[in-house]
file my_file-v6.cif (mmCIF, C-alpha atoms and all ligand atoms)
data_structure
loop_
_atom_site.group_PDB
_atom_site.id
_atom_site.type_symbol
_atom_site.label_atom_id
_atom_site.label_comp_id
_atom_site.auth_asym_id
_atom_site.auth_seq_id
_atom_site.Cartn_x
_atom_site.Cartn_y
_atom_site.Cartn_z
ATOM 1 C CA MET F 276 -4.201 63.031 24.383
ATOM 2 C CA LYS F 277 -5.844 63.450 20.990
ATOM 3 C CA ASN F 278 -8.006 60.661 19.559
ATOM 4 C CA LYS F 279 -6.839 59.065 16.339
ATOM 5 C CA ILE F 280 -8.228 56.575 13.861
ATOM 6 C CA LEU F 281 -7.118 54.513 10.880
ATOM 7 C CA LYS F 282 -9.248 52.465 8.491
ATOM 8 C CA ILE F 283 -7.605 49.371 7.071
ATOM 9 C CA ALA F 284 -8.865 46.970 4.387
ATOM 10 C CA ILE F 285 -7.583 43.401 4.713
ATOM 11 C CA VAL F 286 -7.420 42.181 1.134
ATOM 12 C CA GLY F 287 -6.115 39.003 -0.492
ATOM 13 C CA LYS F 288 -6.860 35.808 -2.332
ATOM 14 C CA THR F 289 -9.482 33.514 -0.862
ATOM 15 C CA ASN F 290 -7.993 31.347 1.897
ATOM 16 C CA ALA F 291 -5.064 33.714 2.581
ATOM 17 C CA GLY F 292 -6.189 33.952 6.215
ATOM 18 C CA LYS F 293 -7.894 37.363 6.290
ATOM 19 C CA SER F 294 -10.701 36.316 8.612
ATOM 20 C CA THR F 295 -8.302 34.445 10.877
ATOM 21 C CA LEU F 296 -6.229 37.630 11.150
ATOM 22 C CA ILE F 297 -9.148 39.922 11.960
ATOM 23 C CA ASN F 298 -10.374 37.510 14.651
ATOM 24 C CA GLN F 299 -6.914 37.442 16.232
ATOM 25 C CA ILE F 300 -6.666 41.223 16.169
ATOM 26 C CA VAL F 301 -10.101 41.784 17.674
ATOM 27 C CA GLY F 302 -9.697 38.895 20.103
ATOM 28 C CA GLU F 303 -13.141 37.443 19.374
ATOM 29 C CA LYS F 304 -14.579 35.431 16.544
ATOM 30 C CA ILE F 305 -16.417 37.991 14.457
ATOM 31 C CA SER F 306 -15.643 36.503 11.060
ATOM 32 C CA ILE F 307 -15.905 32.827 10.192
ATOM 33 C CA GLN F 308 -12.901 30.964 8.777
ATOM 34 C CA ASN F 309 -12.614 27.834 6.707
ATOM 35 C CA LYS F 310 -10.245 25.962 4.460
ATOM 36 C CA LYS F 311 -12.719 26.132 1.579
ATOM 37 C CA VAL F 312 -12.803 29.070 -0.826
ATOM 38 C CA ASN F 313 -14.985 32.171 -0.563
ATOM 39 C CA THR F 314 -15.862 31.800 3.076
ATOM 40 C CA THR F 315 -16.396 35.499 3.745
ATOM 41 C CA LYS F 316 -19.271 37.062 1.863
ATOM 42 C CA ASP F 317 -20.083 40.217 3.782
ATOM 43 C CA LEU F 318 -17.924 43.174 4.538
ATOM 44 C CA ILE F 319 -17.146 42.720 8.221
ATOM 45 C CA LEU F 320 -15.599 45.387 10.349
ATOM 46 C CA GLY F 321 -13.455 44.666 13.391
ATOM 47 C CA VAL F 322 -12.359 47.314 15.862
ATOM 48 C CA LYS F 323 -9.126 47.379 17.829
ATOM 49 C CA ASN F 324 -8.323 50.207 20.229
ATOM 50 C CA LEU F 325 -4.663 50.883 21.011
ATOM 51 C CA LYS F 326 -4.394 53.601 23.633
ATOM 52 C CA GLU F 327 -5.552 56.774 21.837
ATOM 53 C CA THR F 328 -5.982 55.100 18.428
ATOM 54 C CA GLN F 329 -8.977 53.272 17.061
ATOM 55 C CA LEU F 330 -8.010 50.873 14.264
ATOM 56 C CA LEU F 331 -10.900 49.833 12.019
ATOM 57 C CA PHE F 332 -10.296 46.678 9.986
ATOM 58 C CA TYR F 333 -12.464 45.582 7.070
ATOM 59 C CA ASP F 334 -12.440 41.845 6.391
ATOM 60 C CA THR F 335 -13.207 41.720 2.678
ATOM 61 C CA PRO F 336 -14.313 38.697 0.625
ATOM 62 C CA GLY F 337 -11.402 36.972 -1.151
ATOM 63 C CA SER F 338 -10.166 39.172 -3.980
ATOM 64 C CA ASN F 339 -9.955 36.431 -6.622
ATOM 65 C CA PHE F 340 -12.727 38.054 -8.574
ATOM 66 C CA ILE F 341 -11.306 41.572 -8.899
ATOM 67 C CA LYS F 342 -10.488 40.549 -12.451
ATOM 68 C CA PRO F 343 -13.680 39.645 -14.258
ATOM 69 C CA ILE F 344 -12.781 35.987 -14.700
ATOM 70 C CA ASN F 345 -15.963 34.251 -13.654
ATOM 71 C CA ASN F 346 -19.495 34.763 -12.511
ATOM 72 C CA GLN F 347 -18.840 35.446 -8.853
ATOM 73 C CA SER F 348 -21.785 37.172 -7.309
ATOM 74 C CA LYS F 349 -22.090 40.902 -7.578
ATOM 75 C CA ILE F 350 -22.518 41.173 -3.828
ATOM 76 C CA LEU F 351 -19.068 39.773 -3.101
ATOM 77 C CA LYS F 352 -17.555 42.225 -5.508
ATOM 78 C CA THR F 353 -19.457 45.200 -4.152
ATOM 79 C CA ASN F 354 -18.508 44.297 -0.589
ATOM 80 C CA PHE F 355 -14.903 43.914 -1.620
ATOM 81 C CA TRP F 356 -14.682 47.337 -3.268
ATOM 82 C CA ASN F 357 -16.640 49.030 -0.472
ATOM 83 C CA GLY F 358 -14.015 47.767 1.953
ATOM 84 C CA ILE F 359 -11.220 49.247 -0.116
ATOM 85 C CA ASN F 360 -12.949 52.534 -0.836
ATOM 86 C CA ASN F 361 -13.727 53.090 2.834
ATOM 87 C CA SER F 362 -10.168 52.486 3.946
ATOM 88 C CA ASP F 363 -7.019 54.581 4.275
ATOM 89 C CA LEU F 364 -4.655 51.675 3.904
ATOM 90 C CA ILE F 365 -4.620 48.235 2.279
ATOM 91 C CA LEU F 366 -3.131 45.235 4.055
ATOM 92 C CA TYR F 367 -2.526 42.809 1.236
ATOM 93 C CA LEU F 368 -2.378 39.333 2.740
ATOM 94 C CA ILE F 369 -0.515 36.521 0.989
ATOM 95 C CA ASP F 370 -0.484 32.816 1.835
ATOM 96 C CA SER F 371 3.342 32.474 1.934
ATOM 97 C CA ASN F 372 3.095 28.801 1.207
ATOM 98 C CA ARG F 373 1.136 29.198 -2.011
ATOM 99 C CA ILE F 374 2.393 32.209 -3.903
ATOM 100 C CA ASN F 375 1.187 32.571 -7.465
ATOM 101 C CA PHE F 376 3.214 35.304 -9.146
ATOM 102 C CA ASN F 377 0.902 36.018 -12.044
ATOM 103 C CA PHE F 378 -2.049 36.296 -9.751
ATOM 104 C CA LEU F 379 -0.131 38.517 -7.345
ATOM 105 C CA ASN F 380 1.061 40.867 -10.082
ATOM 106 C CA ASN F 381 -2.436 41.142 -11.529
ATOM 107 C CA GLN F 382 -3.838 41.982 -8.128
ATOM 108 C CA LEU F 383 -1.173 44.544 -7.315
ATOM 109 C CA ASP F 384 -1.651 46.195 -10.718
ATOM 110 C CA ILE F 385 -5.288 46.768 -9.834
ATOM 111 C CA LEU F 386 -4.715 47.769 -6.211
ATOM 112 C CA ILE F 387 -1.974 50.269 -7.087
ATOM 113 C CA ASP F 388 -4.514 52.135 -9.214
ATOM 114 C CA THR F 389 -6.614 52.826 -6.119
ATOM 115 C CA ASN F 390 -3.830 55.143 -4.890
ATOM 116 C CA LYS F 391 -4.167 53.704 -1.394
ATOM 117 C CA LYS F 392 -1.091 52.932 0.655
ATOM 118 C CA ILE F 393 -0.298 49.224 0.450
ATOM 119 C CA ILE F 394 1.366 47.014 3.050
ATOM 120 C CA ILE F 395 2.228 43.447 2.147
ATOM 121 C CA VAL F 396 1.680 40.841 4.836
ATOM 122 C CA PHE F 397 3.063 37.357 4.297
ATOM 123 C CA ASN F 398 0.828 35.084 6.327
ATOM 124 C CA LYS F 399 1.229 31.412 7.327
ATOM 125 C CA ILE F 400 4.919 31.974 8.012
ATOM 126 C CA ASP F 401 4.702 28.953 10.324
ATOM 127 C CA LEU F 402 4.651 26.808 7.163
ATOM 128 C CA ILE F 403 7.798 28.039 5.356
ATOM 129 C CA SER F 404 11.193 29.578 5.982
ATOM 130 C CA SER F 405 11.044 33.386 5.758
ATOM 131 C CA LYS F 406 14.314 33.363 3.781
ATOM 132 C CA LYS F 407 12.356 32.117 0.787
ATOM 133 C CA LEU F 408 10.491 35.411 0.741
ATOM 134 C CA LEU F 409 13.516 37.655 0.160
ATOM 135 C CA PRO F 410 13.693 37.328 -3.651
ATOM 136 C CA ILE F 411 9.924 37.755 -3.823
ATOM 137 C CA ILE F 412 10.090 40.967 -1.809
ATOM 138 C CA LYS F 413 12.872 42.263 -4.057
ATOM 139 C CA ASP F 414 10.827 41.554 -7.141
ATOM 140 C CA ILE F 415 7.683 43.245 -5.811
ATOM 141 C CA GLU F 416 9.680 46.253 -4.606
ATOM 142 C CA SER F 417 11.156 46.771 -8.050
ATOM 143 C CA LYS F 418 7.684 47.087 -9.567
ATOM 144 C CA TYR F 419 5.394 48.631 -6.979
ATOM 145 C CA LYS F 420 5.454 51.250 -4.268
ATOM 146 C CA ILE F 421 4.847 49.292 -1.084
ATOM 147 C CA GLU F 422 4.945 50.906 2.379
ATOM 148 C CA PHE F 423 6.550 47.877 4.032
ATOM 149 C CA PHE F 424 6.596 44.075 4.126
ATOM 150 C CA ILE F 425 5.967 41.968 7.207
ATOM 151 C CA SER F 426 5.560 38.267 7.869
ATOM 152 C CA ILE F 427 3.112 36.841 10.384
ATOM 153 C CA SER F 428 1.196 33.758 11.367
ATOM 154 C CA ALA F 429 -2.409 34.723 11.966
ATOM 155 C CA LYS F 430 -3.245 31.261 13.214
ATOM 156 C CA LYS F 431 -0.344 31.056 15.678
ATOM 157 C CA ASN F 432 -0.653 34.720 16.653
ATOM 158 C CA LYS F 433 2.928 35.538 15.615
ATOM 159 C CA GLY F 434 3.975 39.001 14.441
ATOM 160 C CA ILE F 435 0.559 40.548 14.903
ATOM 161 C CA ASN F 436 1.563 43.011 17.631
ATOM 162 C CA LYS F 437 4.441 44.210 15.496
ATOM 163 C CA LEU F 438 2.058 44.627 12.556
ATOM 164 C CA LEU F 439 -0.320 46.704 14.690
ATOM 165 C CA GLU F 440 2.543 48.855 15.947
ATOM 166 C CA GLU F 441 3.669 49.563 12.398
ATOM 167 C CA ILE F 442 0.253 50.416 11.007
ATOM 168 C CA ASN F 443 -0.506 52.577 14.020
ATOM 169 C CA LYS F 444 2.083 55.018 12.642
ATOM 170 C CA TYR F 445 -0.343 55.874 9.824
ATOM 171 C CA SER F 446 -3.240 56.858 12.116
ATOM 172 C CA TYR F 447 -4.477 60.450 12.067
ATOM 173 C CA ASN F 448 -6.363 62.787 14.389
ATOM 174 C CA SER F 449 -10.084 62.126 14.426
ATOM 175 C CA GLU F 450 -12.881 61.324 16.812
ATOM 176 C CA TRP F 451 -13.408 57.584 17.329
ATOM 177 C CA ILE F 452 -16.186 56.018 15.275
ATOM 178 C CA PHE F 453 -17.066 53.178 17.655
ATOM 179 C CA LYS F 454 -17.545 53.183 21.423
ATOM 180 C CA LYS F 455 -14.722 51.824 23.523
ATOM 181 C CA ASP F 456 -16.218 48.345 24.009
ATOM 182 C CA GLU F 457 -17.641 47.846 20.524
ATOM 183 C CA ILE F 458 -15.692 45.367 18.427
ATOM 184 C CA THR F 459 -17.692 44.999 15.229
ATOM 185 C CA ASN F 460 -20.392 46.512 13.037
ATOM 186 C CA LYS F 461 -22.184 43.181 12.968
ATOM 187 C CA ASN F 462 -24.871 42.276 15.470
ATOM 188 C CA GLU F 463 -25.264 39.047 17.430
ATOM 189 C CA GLU F 464 -27.773 37.647 14.964
ATOM 190 C CA PHE F 465 -25.362 38.032 12.090
ATOM 191 C CA ILE F 466 -22.587 36.289 13.991
ATOM 192 C CA ILE F 467 -24.846 33.405 15.083
ATOM 193 C CA ASN F 468 -26.009 32.889 11.501
ATOM 194 C CA GLU F 469 -22.428 32.999 10.260
ATOM 195 C CA LEU F 470 -21.418 30.378 12.843
ATOM 196 C CA LEU F 471 -24.062 28.062 11.444
ATOM 197 C CA ARG F 472 -22.851 28.749 7.903
ATOM 198 C CA GLU F 473 -19.294 27.968 9.033
ATOM 199 C CA THR F 474 -20.409 24.699 10.644
ATOM 200 C CA ILE F 475 -22.259 23.709 7.477
ATOM 201 C CA LEU F 476 -19.084 24.493 5.485
ATOM 202 C CA GLU F 477 -17.163 22.171 7.781
ATOM 203 C CA HIS F 478 -19.582 19.270 7.425
ATOM 204 C CA LEU F 479 -20.948 19.425 3.906
ATOM 205 C CA HIS F 480 -19.247 19.660 0.586
ATOM 206 C CA LYS F 481 -19.706 20.772 -2.944
ATOM 207 C CA GLU F 482 -22.427 23.265 -3.643
ATOM 208 C CA ILE F 483 -24.517 22.942 -0.503
ATOM 209 C CA PRO F 484 -22.783 25.425 1.801
ATOM 210 C CA TYR F 485 -22.958 28.016 -0.952
ATOM 211 C CA ASN F 486 -26.644 27.431 -1.608
ATOM 212 C CA VAL F 487 -28.180 27.797 1.811
ATOM 213 C CA ASN F 488 -29.471 30.916 3.474
ATOM 214 C CA ILE F 489 -29.794 31.153 7.186
ATOM 215 C CA GLU F 490 -32.273 33.107 9.235
ATOM 216 C CA ILE F 491 -32.628 33.399 12.943
ATOM 217 C CA VAL F 492 -36.220 33.182 14.153
ATOM 218 C CA THR F 493 -35.796 33.145 17.916
ATOM 219 C CA PHE F 494 -33.165 34.543 20.250
ATOM 220 C CA LYS F 495 -34.415 34.438 23.792
ATOM 221 C CA ILE F 496 -32.551 34.762 27.067
ATOM 222 C CA LEU F 497 -34.297 32.468 29.539
ATOM 223 C CA LYS F 498 -34.787 33.146 33.249
ATOM 224 C CA ASN F 499 -31.844 30.936 34.175
ATOM 225 C CA LYS F 500 -29.665 32.921 31.649
ATOM 226 C CA ASP F 501 -29.587 30.040 29.150
ATOM 227 C CA ILE F 502 -30.233 31.198 25.592
ATOM 228 C CA LYS F 503 -32.778 29.650 23.279
ATOM 229 C CA ILE F 504 -32.030 30.058 19.584
ATOM 230 C CA LYS F 505 -34.000 28.868 16.574
ATOM 231 C CA GLN F 506 -32.531 29.103 13.099
ATOM 232 C CA LYS F 507 -33.926 28.269 9.695
ATOM 233 C CA ILE F 508 -31.740 26.710 7.025
ATOM 234 C CA ILE F 509 -33.343 27.815 3.798
ATOM 235 C CA ILE F 510 -32.578 25.701 0.743
ATOM 236 C CA ASN F 511 -33.383 26.440 -2.878
ATOM 237 C CA GLU F 512 -33.447 22.810 -4.023
ATOM 238 C CA ILE F 513 -35.403 20.106 -2.242
ATOM 239 C CA ARG F 514 -32.678 17.480 -2.870
ATOM 240 C CA TYR F 515 -30.405 19.298 -0.418
ATOM 241 C CA LYS F 516 -32.730 18.439 2.439
ATOM 242 C CA LYS F 517 -31.798 14.748 2.458
ATOM 243 C CA ILE F 518 -28.105 15.559 2.418
ATOM 244 C CA ILE F 519 -28.303 18.080 5.236
ATOM 245 C CA LEU F 520 -30.396 15.697 7.342
ATOM 246 C CA GLY F 521 -28.059 12.784 6.647
ATOM 247 C CA LYS F 522 -28.760 9.155 7.458
ATOM 248 C CA LYS F 523 -31.336 9.013 10.247
ATOM 249 C CA GLY F 524 -30.766 12.706 10.850
ATOM 250 C CA GLU F 525 -27.143 12.126 11.878
ATOM 251 C CA MET F 526 -25.723 15.022 9.855
ATOM 252 C CA ILE F 527 -28.043 17.745 11.087
ATOM 253 C CA LYS F 528 -27.504 16.435 14.616
ATOM 254 C CA ARG F 529 -23.744 16.843 14.267
ATOM 255 C CA ILE F 530 -24.105 20.298 12.773
ATOM 256 C CA ARG F 531 -26.480 21.356 15.525
ATOM 257 C CA GLU F 532 -24.250 20.097 18.335
ATOM 258 C CA LYS F 533 -21.091 21.684 16.922
ATOM 259 C CA CYS F 534 -22.781 24.986 16.234
ATOM 260 C CA GLN F 535 -24.380 25.040 19.680
ATOM 261 C CA LYS F 536 -20.945 24.586 21.198
ATOM 262 C CA LYS F 537 -19.469 27.451 19.143
ATOM 263 C CA ILE F 538 -22.268 29.846 20.071
ATOM 264 C CA SER F 539 -21.981 28.937 23.720
ATOM 265 C CA GLN F 540 -18.219 29.644 23.649
ATOM 266 C CA ILE F 541 -18.886 33.121 22.326
ATOM 267 C CA PHE F 542 -21.848 33.990 24.525
ATOM 268 C CA LYS F 543 -20.477 32.166 27.546
ATOM 269 C CA SER F 544 -23.933 30.764 28.293
ATOM 270 C CA LYS F 545 -25.669 27.461 27.821
ATOM 271 C CA ILE F 546 -27.346 27.436 24.408
ATOM 272 C CA HIS F 547 -30.430 25.508 23.341
ATOM 273 C CA LEU F 548 -30.242 25.460 19.566
ATOM 274 C CA TYR F 549 -33.056 24.337 17.272
ATOM 275 C CA LEU F 550 -32.622 24.014 13.515
ATOM 276 C CA GLU F 551 -35.264 23.707 10.833
ATOM 277 C CA ILE F 552 -34.760 23.092 7.107
ATOM 278 C CA ILE F 553 -37.087 24.996 4.823
ATOM 279 C CA HIS F 554 -37.402 24.733 1.056
ATOM 280 C CA LYS F 555 -38.278 27.990 -0.693
HETATM 281 N N1 LIG F 601 -0.867 27.240 8.945
HETATM 282 C C1 LIG F 601 -1.581 28.369 8.960
HETATM 283 N N2 LIG F 601 -2.872 28.355 8.547
HETATM 284 C C2 LIG F 601 -3.566 29.514 8.575
HETATM 285 C C3 LIG F 601 -2.969 30.739 9.029
HETATM 286 N N3 LIG F 601 -3.903 31.705 8.945
HETATM 287 C C4 LIG F 601 -5.031 31.124 8.434
HETATM 288 N N4 LIG F 601 -4.841 29.797 8.230
HETATM 289 C C5 LIG F 601 -5.832 28.813 7.710
HETATM 290 O O1 LIG F 601 -6.176 29.148 6.377
HETATM 291 C C6 LIG F 601 -7.538 28.819 6.101
HETATM 292 C C7 LIG F 601 -8.256 30.022 5.520
HETATM 293 O O2 LIG F 601 -8.410 31.006 6.513
HETATM 294 P P1 LIG F 601 -9.527 32.158 6.414
HETATM 295 O O3 LIG F 601 -9.223 33.111 7.513
HETATM 296 O O4 LIG F 601 -10.906 31.583 6.325
HETATM 297 O O5 LIG F 601 -9.146 32.786 4.974
HETATM 298 P P2 LIG F 601 -9.791 34.051 4.221
HETATM 299 O O6 LIG F 601 -8.662 34.785 3.600
HETATM 300 O O7 LIG F 601 -10.667 34.814 5.152
HETATM 301 O O8 LIG F 601 -10.665 33.322 3.070
HETATM 302 P P3 LIG F 601 -11.983 33.895 2.278
HETATM 303 O O9 LIG F 601 -12.975 34.377 3.283
HETATM 304 O O10 LIG F 601 -12.475 32.679 1.528
HETATM 305 O O11 LIG F 601 -11.510 34.967 1.346
HETATM 306 C C8 LIG F 601 -8.142 28.320 7.421
HETATM 307 O O12 LIG F 601 -8.159 26.910 7.385
HETATM 308 C C9 LIG F 601 -7.159 28.861 8.464
HETATM 309 O O13 LIG F 601 -7.100 28.063 9.623
HETATM 310 C C10 LIG F 601 -1.592 30.710 9.485
HETATM 311 O O14 LIG F 601 -1.004 31.694 9.899
HETATM 312 N N5 LIG F 601 -0.971 29.495 9.412
HETATM 313 MG MG MG F 602 -12.684 35.216 5.069
#
call {"tool": "encode", "arguments": {"input": "my_file-v6.cif", "output": "structure tokens", "more": "lines below"}}
Ligand SMILES: Nc1nc2c(ncn2[C@@H]2O[C@H](COP(=O)(O)OP(=O)(O)OP(=O)(O)O)[C@@H](O)[C@H]2O)c(=O)[nH]1
Ligand SMILES: [Mg+2]
result
Amino acid sequence: MKNKILKIAIVGKTNAGKSTLINQIVGEKISIQNKKVNTTKDLILGVKNLKETQLLFYDTPGSNFIKPINNQSKILKTNFWNGINNSDLILYLIDSNRINFNFLNNQLDILIDTNKKIIIVFNKIDLISSKKLLPIIKDIESKYKIEFFISISAKKNKGINKLLEEINKYSYNSEWIFKKDEITNKNEEFIINELLRETILEHLHKEIPYNVNIEIVTFKILKNKDIKIKQKIIINEIRYKKIILGKKGEMIKRIREKCQKKISQIFKSKIHLYLEIIHK
């Protein structure tokens, strides 16, 4: 049996469900998800092996900024285009419940120019009737060359196996890039820091989640197999400190407990998490 690979960029508007999809495919949480916009910042790679084929998925930051409409950071944009340039195929993910035609056409105009094969995935199909999609598919088909259309629910894990089966047909002979049990290009530290960022996104609003940097200072496996982790929350404005701490430290306590729980679910060990806020 010959080894095969295929590199796939998951692209789409912020909140379409790209990170939710990659986590479902890989079977582990490698990319954080949230109902707020611009959750994913880095280019995250998830690996799924199907018999002889290694599928490599790039979770890209939301593609809202591929048109120069605002001052989104250069890093997001670079990570987005790196994901596309590295891939053989684009999975363009759409939130079926919130389709904006102008936006979609603008995006497809740009993506078509990359000359990559494009598959359109209607996500969140649990929220609407798939019949509503038929005229939309017809319209897109009349304007663009699309490989195929498929509807799924990333959250409810519906249609994902079928999607994998279909994209597997595009794989080509090549040595695998990752070892059999590797699922991502990101290390444990990255994932732990992202889990804290996700927890902060869940608890705090407005600009704060977007203005903190997180660093891990300690990751130590103790004799009894518990793990001790210390993370720094680095803020650029001192006024954020009060908000993150909350009344009598209630907020940071909640964030710490929730994040500790998430890390322990992933590492399947008891976690002792310590957080420190630092103004730089
Ligand atoms: N109902 C429903 N909700 C979903 C589905 N897939 C994702 N979501 C929700 O949509 C929200 C956004 O999901 P993410 O995976 O963070 O979206 P994203 O495309 O990665 O967003 P960015 O990283 O900001 O570009 C989360 O609240 C998810 O729980 C789905 O199939 N059905
Ligand atoms: Mg994301």
call {"tool": "residues_around", "arguments": {"input": "my_file-v6.cif", "residues": "stretch 540-545 of chain F", "least_positions_apart": "2", "cutoff": "9 Å", "atoms": "only C-alpha atoms", "output": "PyMOL selection string"}}
result
chain F and resi 303-304+500-503+535-538+547
call {"tool": "resolve_selection", "arguments": {"input": "my_file-v6.cif", "expression": "the PyMOL selection byres (((chain F and resi 470-477) around 9) and not hetatm)", "output": "PyMOL selection string"}}
result
chain F and resi 306-311+314+465-469+478-480+483-485+487-489+506+508+519+530-531+533-535+537-538
call {"tool": "residues_near_ligand", "arguments": {"input": "my_file-v6.cif", "ligand": "ligand MG 602 (chain F)", "cutoff": "10 Å", "atoms": "all atoms listed in the file", "output": "PyMOL selection string"}}
result
chain F and resi 285-297+306-319+334-337
call {"tool": "write_last_selection", "arguments": {"input": "my_file-v6.cif", "atoms": "C-alpha atoms", "output": "mmCIF file, in the frame of the given file"}}
result
data_model
loop_
_atom_site.group_PDB
_atom_site.id
_atom_site.type_symbol
_atom_site.label_atom_id
_atom_site.label_comp_id
_atom_site.auth_asym_id
_atom_site.auth_seq_id
_atom_site.Cartn_x
_atom_site.Cartn_y
_atom_site.Cartn_z
ATOM 1 C CA ILE F 285 -7.583 43.401 4.713
ATOM 2 C CA VAL F 286 -7.420 42.181 1.134
ATOM 3 C CA GLY F 287 -6.115 39.003 -0.492
ATOM 4 C CA LYS F 288 -6.860 35.808 -2.332
ATOM 5 C CA THR F 289 -9.482 33.514 -0.862
ATOM 6 C CA ASN F 290 -7.993 31.347 1.897
ATOM 7 C CA ALA F 291 -5.064 33.714 2.581
ATOM 8 C CA GLY F 292 -6.189 33.952 6.215
ATOM 9 C CA LYS F 293 -7.894 37.363 6.290
ATOM 10 C CA SER F 294 -10.701 36.316 8.612
ATOM 11 C CA THR F 295 -8.302 34.445 10.877
ATOM 12 C CA LEU F 296 -6.229 37.630 11.150
ATOM 13 C CA ILE F 297 -9.148 39.922 11.960
ATOM 14 C CA SER F 306 -15.643 36.503 11.060
ATOM 15 C CA ILE F 307 -15.905 32.827 10.192
ATOM 16 C CA GLN F 308 -12.901 30.964 8.777
ATOM 17 C CA ASN F 309 -12.614 27.834 6.707
ATOM 18 C CA LYS F 310 -10.245 25.962 4.460
ATOM 19 C CA LYS F 311 -12.719 26.132 1.579
ATOM 20 C CA VAL F 312 -12.803 29.070 -0.826
ATOM 21 C CA ASN F 313 -14.985 32.171 -0.563
ATOM 22 C CA THR F 314 -15.862 31.800 3.076
ATOM 23 C CA THR F 315 -16.396 35.499 3.745
ATOM 24 C CA LYS F 316 -19.271 37.062 1.863
ATOM 25 C CA ASP F 317 -20.083 40.217 3.782
ATOM 26 C CA LEU F 318 -17.924 43.174 4.538
ATOM 27 C CA ILE F 319 -17.146 42.720 8.221
ATOM 28 C CA ASP F 334 -12.440 41.845 6.391
ATOM 29 C CA THR F 335 -13.207 41.720 2.678
ATOM 30 C CA PRO F 336 -14.313 38.697 0.625
ATOM 31 C CA GLY F 337 -11.402 36.972 -1.151
#
call {"tool": "axis_aligned_box", "arguments": {"input": "my_file-v6.cif", "around": "ligand LIG 601 (chain F)", "padding_each_side": "3 Å", "output": "AutoDock Vina command-line options"}}
result
--center_x -6.9 --center_y 30.9 --center_z 5.6 --size_x 18.1 --size_y 14.1 --size_z 14.6
call {"tool": "closest_residue", "arguments": {"input": "my_file-v6.cif", "among": "F:Asn432, F:Ser417, F:Ser371, F:Asn380", "to": "F:Ile400", "atoms": "all atoms listed in the file"}}
result
F:Ser371
call {"tool": "resolve_selection", "arguments": {"input": "my_file-v6.cif", "expression": "the PyMOL selection byres (((chain F and resi 401) around 12) and not hetatm)", "output": "number ranges by chain"}}
result
F: 370-372, 397-400, 402-405, 426-434
call {"tool": "closest_residue", "arguments": {"input": "my_file-v6.cif", "among": "F:Ile553, F:Ile280, F:Val396, F:Leu386", "to": "F:Trp356", "atoms": "only C-alpha atoms"}}
result
F:Leu386
call {"tool": "closest_residue", "arguments": {"input": "my_file-v6.cif", "among": "F:Lys323, F:Lys392, F:Arg373, F:Tyr515", "to": "ligand LIG 601 (chain F)", "atoms": "only C-alpha atoms and all ligand atoms"}}
result
F:Arg373
call {"tool": "atom_distance", "arguments": {"input": "my_file-v6.cif", "atom1": "atom CA of F:Leu383", "atom2": "atom CA of F:Ile421"}}
result
9.9 Å
call {"tool": "closest_residue", "arguments": {"input": "my_file-v6.cif", "among": "F:Ile359, F:Met526, F:Leu366, F:Ile458", "to": "F:Gly302", "atoms": "only C-alpha atoms"}}
result
F:Ile458
call {"tool": "resolve_selection", "arguments": {"input": "my_file-v6.cif", "expression": "the PyMOL selection byres (((chain F and resi 554) around 10) and not hetatm)", "output": "PDB file with C-alpha atoms, in the frame of the given file"}}
result
ATOM      1  CA  VAL F 487     -28.180  27.797   1.811  1.00  0.00           C
ATOM      2  CA  LYS F 507     -33.926  28.269   9.695  1.00  0.00           C
ATOM      3  CA  ILE F 508     -31.740  26.710   7.025  1.00  0.00           C
ATOM      4  CA  ILE F 509     -33.343  27.815   3.798  1.00  0.00           C
ATOM      5  CA  ILE F 510     -32.578  25.701   0.743  1.00  0.00           C
ATOM      6  CA  ASN F 511     -33.383  26.440  -2.878  1.00  0.00           C
ATOM      7  CA  GLU F 512     -33.447  22.810  -4.023  1.00  0.00           C
ATOM      8  CA  ILE F 513     -35.403  20.106  -2.242  1.00  0.00           C
ATOM      9  CA  ARG F 514     -32.678  17.480  -2.870  1.00  0.00           C
ATOM     10  CA  TYR F 515     -30.405  19.298  -0.418  1.00  0.00           C
ATOM     11  CA  LYS F 516     -32.730  18.439   2.439  1.00  0.00           C
ATOM     12  CA  ILE F 552     -34.760  23.092   7.107  1.00  0.00           C
ATOM     13  CA  ILE F 553     -37.087  24.996   4.823  1.00  0.00           C
ATOM     14  CA  LYS F 555     -38.278  27.990  -0.693  1.00  0.00           C
TER      15      LYS F 555
END
call {"tool": "residues_around", "arguments": {"input": "my_file-v6.cif", "residues": "F:Asn361", "least_positions_apart": "4", "cutoff": "9 Å", "atoms": "all atoms listed in the file", "output": "list in words"}}
result
Lys282, Ile283, Ala284, Tyr333, Trp356 and Asn357 of chain F
call {"tool": "atom_distance", "arguments": {"input": "my_file-v6.cif", "atom1": "atom CA of F:Ile412", "atom2": "atom CA of F:Ile393"}}
result
13.5 Å
call {"tool": "residues_around", "arguments": {"input": "my_file-v6.cif", "residues": "F:Ile504", "least_positions_apart": "2", "cutoff": "8 Å", "atoms": "only C-alpha atoms", "output": "count of residues only"}}
result
11
call {"tool": "atom_distance", "arguments": {"input": "my_file-v6.cif", "atom1": "atom CA of F:Trp451", "atom2": "atom CA of F:Thr328"}}
result
7.9 Å
call {"tool": "closest_residue", "arguments": {"input": "my_file-v6.cif", "among": "F:Lys407, F:Tyr419, F:Ser338, F:Phe424", "to": "ligand LIG 601 (chain F)", "atoms": "all atoms listed in the file"}}
result
F:Ser338
call {"tool": "residues_near_point", "arguments": {"input": "my_file-v6.cif", "point": "(-5.3, 52.3, -1.6)", "cutoff": "8 Å", "atoms": "only C-alpha atoms", "output": "NGL selection string"}}
result
:F and (359-360 or 362-365 or 386-393)
